[in-house]
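One structure is given here, and the rest of the page talks about it.
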Amino acid sequence: MDAKERIHKALDHEEPDRVPVSEGTIDNLKIVEHYGGKYVFKGIKTMLGIATRVIPFKDRAIRKFFSWKSTLKGGLSKNARLYRAIGIDMAVGPLSLFPVKFFPWGYVDEFGRKFRVTRHADGMDVAFYDGGYFNSYEDYESFEHHPSIDDGIRATSMKIIGEINDEFGGDIYMIPGFPALLEATWEGFGIENFSRMMAKQKEIKKVFDDRGKFALEQAKLAIEAGARFMLLFDDYGFKTRLFMHPSSFEKYIFPWLRQICTHAHNHGAKVLLHSCGNIGKIFEPLIDCGIDAFNPIEPTAADADYDIFKLKQRYGDKITLNGNVSPQDLASKGKDYIINYTKRLIKECAPGGGFIIASGHSINPEVKLENFLAMRETTQKYGKYPIAIPD
């Protein structure tokens with residue numbers, strides 16, 4: 001059974017040959033080097049520092065470099081080779097970090113999100129979200145680089161994902177991933193400005209509708225390119241609560257999610273939603289919108305009922321769960337804890353399908369190599385169907 005078949009078996013609530021494995025970004029040099037891989041962003045801090053000082057028309061020139069097919073495919077191919085070496089079935093081709101303005105410290109992307117590039121102690125370059133570029137609705141309206149589906153980088157990226165799936169012969173299943181509505185909105189303004197914007201219903205609706213229309217266009221483009229599974233990046237909450245009242249989700253977010261899911265389902269495709277935070281209050285409405293799978297069911301969310309094991313019991317026949325070994329635990333807990341938690345995930349969530357194992361977000365620089373290997377080895381040992389883990 002190849003990676004695509006394995007993933008779709010799980011999505012259809014059937015048991016594949018083994019529990020499918022997915023992962024977010026792997027920003028951990030020790031893990032990359034352990035598997036003989038090459039880190040995608042190596043040297044980007046130095047490159048930005050030089051390029052932003054010496055290249056005329058730097059924004060246009062550097063963006064052109066990032067939009068070349070060879071640049072895009074080189075990065076995605078490195079990830080695919082690394083994930084194949086690890087034994088990961090599903091990787092995401094992130095169509096979400098397209099820079100448009102460049103600075104020595106980092107860049108601003110097309111959604112108005114600032115990303116700062118720093119060098120970790122081990123020499124690895126990491127880009128992290130560092131606030132919003134827009135201070136007001138007027139800033140948003142006057143921005144010159146709003147995302148466009150007509151930008152050739154979209155179609156090129158979708159084509160590359162298909163080429164990688166063909167090239168790796170079923171060993172890896174790469175799916176397109178792109179922002180939906182809320183995450184791209186609040187991050188573009190920053191949480192404080194976004195909170196103030198919520199009082200301006202006409203303006204905030206316009207922003208949400210812009211983002212929703214673009215997300216739907218990307219879903220359509222992905223399906224036209226042959227995608228049958230896609231990921232929406234759309235963080236909805238803090239660890240303790242939602243970013244906004246549930247009624248605002250119904251007003252601004254859910255109508256677009258319903259359109260995206262309906263279009264996907266009408267064309268034989270499925271939709272995975274990634275949201276960090278405590279989103280228990282809107283979990284069932286999201287299922288009703290048509291979401292097929294959730295990632296990562298954040299294990300450090302404050303609500304005791306927003307728990308992957310409880311959600312499996314309550315909604316296991318309706319939704320596929322994708323998660324959730326905590327990155328914090330992978331960084332701080334002992335190896336035995338990781339083994340036992342991974343075994344519990346497989347034992348309680350995997351039977352009957354509807355489960356894809358992963359970390360509780362992604363693999364950051366602080367994750368211990370021995371813990372990552374423990375998670376992988378435990379999955380390999382106990383993840384074969386039929387699941388048979390002794391008490």
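As shown in the structure tokens, the chain order sets the letters A, B, ...; within each chain, residues go from 1, and ligands are also counted from 1 in the order they appear.
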
Q: Pick out the residues sitting within 8 Å of range 126-136 of chain A, and hand them over as an MDAnalysis selection string; count only C-alpha atoms, and ignore anything fewer than 4 positions along from it in its own chain.
A: chainID A and resid 27 41 106 108 112:120 140 186:190 193 197

Using only N, CA and C atoms, please write the residues we just selected to a file, as a CSV table (one decimal), in the first residue's frame.
```
chain,number,residue,atom,x,y,z
A,27,ASP,N,11.9,21.8,11.7
A,27,ASP,CA,13.0,22.8,11.9
A,27,ASP,C,13.9,22.4,13.0
A,41,PHE,N,16.0,25.9,4.7
A,41,PHE,CA,16.3,27.4,4.9
A,41,PHE,C,17.7,27.7,5.2
A,106,GLY,N,14.3,40.1,7.8
A,106,GLY,CA,13.3,39.1,7.4
A,106,GLY,C,12.4,39.6,6.2
A,108,VAL,N,8.0,40.5,4.7
A,108,VAL,CA,6.6,40.6,4.9
A,108,VAL,C,6.0,39.7,3.7
A,112,GLY,N,0.4,40.3,4.6
A,112,GLY,CA,0.8,41.3,5.6
A,112,GLY,C,1.4,40.8,6.9
A,113,ARG,N,1.9,39.6,6.9
A,113,ARG,CA,2.5,39.0,8.1
A,113,ARG,C,4.0,39.2,8.0
A,114,LYS,N,4.6,39.7,9.1
A,114,LYS,CA,6.0,39.9,9.2
A,114,LYS,C,6.6,38.6,9.8
A,115,PHE,N,7.7,38.2,9.1
A,115,PHE,CA,8.5,37.0,9.6
A,115,PHE,C,9.9,37.4,9.8
A,116,ARG,N,10.4,37.2,11.0
A,116,ARG,CA,11.8,37.5,11.3
A,116,ARG,C,12.6,36.3,11.2
A,117,VAL,N,13.7,36.4,10.5
A,117,VAL,CA,14.6,35.3,10.3
A,117,VAL,C,15.8,35.4,11.3
A,118,THR,N,15.9,34.3,12.2
A,118,THR,CA,17.0,34.3,13.2
A,118,THR,C,17.8,33.1,13.0
A,119,ARG,N,19.0,33.1,13.6
A,119,ARG,CA,19.9,32.0,13.6
A,119,ARG,C,19.9,31.3,14.9
A,120,HIS,N,19.5,30.1,15.0
A,120,HIS,CA,19.5,29.3,16.2
A,120,HIS,C,20.9,29.0,16.6
A,140,TYR,N,-4.4,48.2,5.1
A,140,TYR,CA,-4.7,47.0,4.4
A,140,TYR,C,-5.2,47.3,2.9
A,186,TRP,N,-5.9,37.8,11.2
A,186,TRP,CA,-5.4,38.4,12.5
A,186,TRP,C,-3.9,38.5,12.5
A,187,GLU,N,-3.2,37.6,11.8
A,187,GLU,CA,-1.7,37.8,11.7
A,187,GLU,C,-1.3,39.0,10.9
A,188,GLY,N,-2.1,39.3,9.9
A,188,GLY,CA,-1.7,40.5,9.0
A,188,GLY,C,-1.8,41.8,9.8
A,189,PHE,N,-2.8,41.8,10.8
A,189,PHE,CA,-3.0,43.0,11.6
A,189,PHE,C,-2.2,43.0,12.9
A,190,GLY,N,-1.9,41.8,13.4
A,190,GLY,CA,-1.5,41.6,14.8
A,190,GLY,C,-2.7,41.5,15.6
A,193,ASN,N,-4.4,45.0,16.9
A,193,ASN,CA,-5.1,45.7,15.9
A,193,ASN,C,-6.3,44.9,15.3
A,197,MET,N,-10.2,46.0,15.1
A,197,MET,CA,-10.9,45.9,13.8
A,197,MET,C,-12.2,45.2,13.9
```

Q: Extract, using only C-alpha atoms, all DNA, RNA and protein residues at most 12 Å from Ala91 in chain A, discarding same-chain residues fewer than 6 positions from it, and format them as an MDAnalysis selection string.
A: chainID A and resid 3:4 7 20:26 76:84 161 164:165 171:177 229:231 358 362

Could you write out that same residue set with C-alpha atoms as a tab-separated table (two decimals), in the first residue's frame?
```tsv
chain	number	residue	atom	x	y	z
A	3	ALA	CA	1.36	6.58	1.07
A	4	LYS	CA	-1.63	8.09	-0.76
A	7	ILE	CA	-3.88	8.29	3.96
A	20	PRO	CA	-0.35	6.74	8.48
A	21	VAL	CA	2.21	9.30	9.60
A	22	SER	CA	2.27	13.02	8.82
A	23	GLU	CA	4.28	15.95	10.08
A	24	GLY	CA	4.38	19.72	9.88
A	25	THR	CA	7.65	21.52	9.34
A	26	ILE	CA	10.83	19.93	10.70
A	76	LEU	CA	9.87	20.93	-1.70
A	77	SER	CA	12.04	18.09	-3.02
A	78	LYS	CA	14.42	18.44	-0.05
A	79	ASN	CA	11.45	18.12	2.28
A	80	ALA	CA	10.08	15.13	0.40
A	81	ARG	CA	13.44	13.30	0.56
A	82	LEU	CA	13.73	13.99	4.28
A	83	TYR	CA	10.19	12.85	5.00
A	84	ARG	CA	10.66	9.70	2.95
A	161	ILE	CA	3.42	19.05	-5.90
A	164	ILE	CA	7.00	15.34	-6.63
A	165	ASN	CA	4.27	12.77	-6.00
A	171	ASP	CA	6.65	6.74	-1.01
A	172	ILE	CA	5.41	10.18	-0.02
A	173	TYR	CA	2.05	11.89	-0.47
A	174	MET	CA	2.43	15.67	-0.74
A	175	ILE	CA	-0.72	17.75	-0.47
A	176	PRO	CA	-1.24	21.49	-1.01
A	177	GLY	CA	-1.66	23.65	2.07
A	229	PHE	CA	-6.68	16.24	-0.22
A	230	MET	CA	-5.74	19.73	0.92
A	231	LEU	CA	-4.88	21.49	4.15
A	358	ALA	CA	1.81	13.34	14.01
A	362	SER	CA	5.56	20.62	14.17
```

Q) Got a sec to tell me which of range 226-334 of chain A DSSP assigns to alpha helix (DSSP H), as a count of residues only? A) 37

**Q.** All strand (DSSP E or B) residues (DSSP, backbone) inside range 307-342 of chain A, as a PyMOL selection string
**A.** chain A and resi 320-325

Enumerate, in order of chain and increasing residue number, the residues of range 204-239 of chain A with an atom no farther than 7 Å from range 271-294 of chain A, each with its shortest atom pair and distance in Å to one decimal, counting only C-alpha atoms, as a Markdown table.
```
| residue | atom | partner | partner_atom | distance |
| --- | --- | --- | --- | --- |
| A:Phe229 | CA | A:Val271 | CA | 5.8 |
| A:Met230 | CA | A:Val271 | CA | 5.2 |
| A:Leu231 | CA | A:Leu272 | CA | 4.6 |
| A:Leu232 | CA | A:Leu273 | CA | 4.9 |
| A:Phe233 | CA | A:His274 | CA | 5.1 |
| A:Asp234 | CA | A:Ser275 | CA | 5.4 |
| A:Asp235 | CA | A:Ser275 | CA | 4.0 |
| A:Tyr236 | CA | A:Ser275 | CA | 5.8 |
| A:Gly237 | CA | A:Gly277 | CA | 4.4 |
| A:Phe238 | CA | A:Gly277 | CA | 4.6 |
| A:Lys239 | CA | A:Gly277 | CA | 4.4 |
```

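Among the candidate residues A:His245, A:Gly74, A:Glu377, A:Phe309, the one lying nearest to Glu163 in chain A is A:Gly74, with distances computed using only C-alpha atoms.
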
Quick one: contact table of range 218-256 of chain A to range 150-156 of chain A, 9 Å max, nearest atom pair and distance in Å to one decimal per residue, counting only C-alpha atoms, chain and number order, as JSON lines?
```
{"residue": "A:Gln218", "atom": "CA", "partner": "A:Arg154", "partner_atom": "CA", "distance": 7.9}
{"residue": "A:Leu221", "atom": "CA", "partner": "A:Ala155", "partner_atom": "CA", "distance": 7.3}
{"residue": "A:Ala222", "atom": "CA", "partner": "A:Ala155", "partner_atom": "CA", "distance": 8.3}
{"residue": "A:Ala225", "atom": "CA", "partner": "A:Ala155", "partner_atom": "CA", "distance": 7.9}
```

Dump of C-alpha atoms for the selected residues, as a PDB file, in the first residue's frame:
```pdb
ATOM      1  CA  GLN A 218      -6.907  28.171  -4.256  1.00  0.00           C
ATOM      2  CA  LEU A 221      -6.940  25.532  -8.459  1.00  0.00           C
ATOM      3  CA  ALA A 222      -5.652  22.637  -6.342  1.00  0.00           C
ATOM      4  CA  ALA A 225      -4.279  20.323 -10.639  1.00  0.00           C
TER       5      ALA A 225
END
```
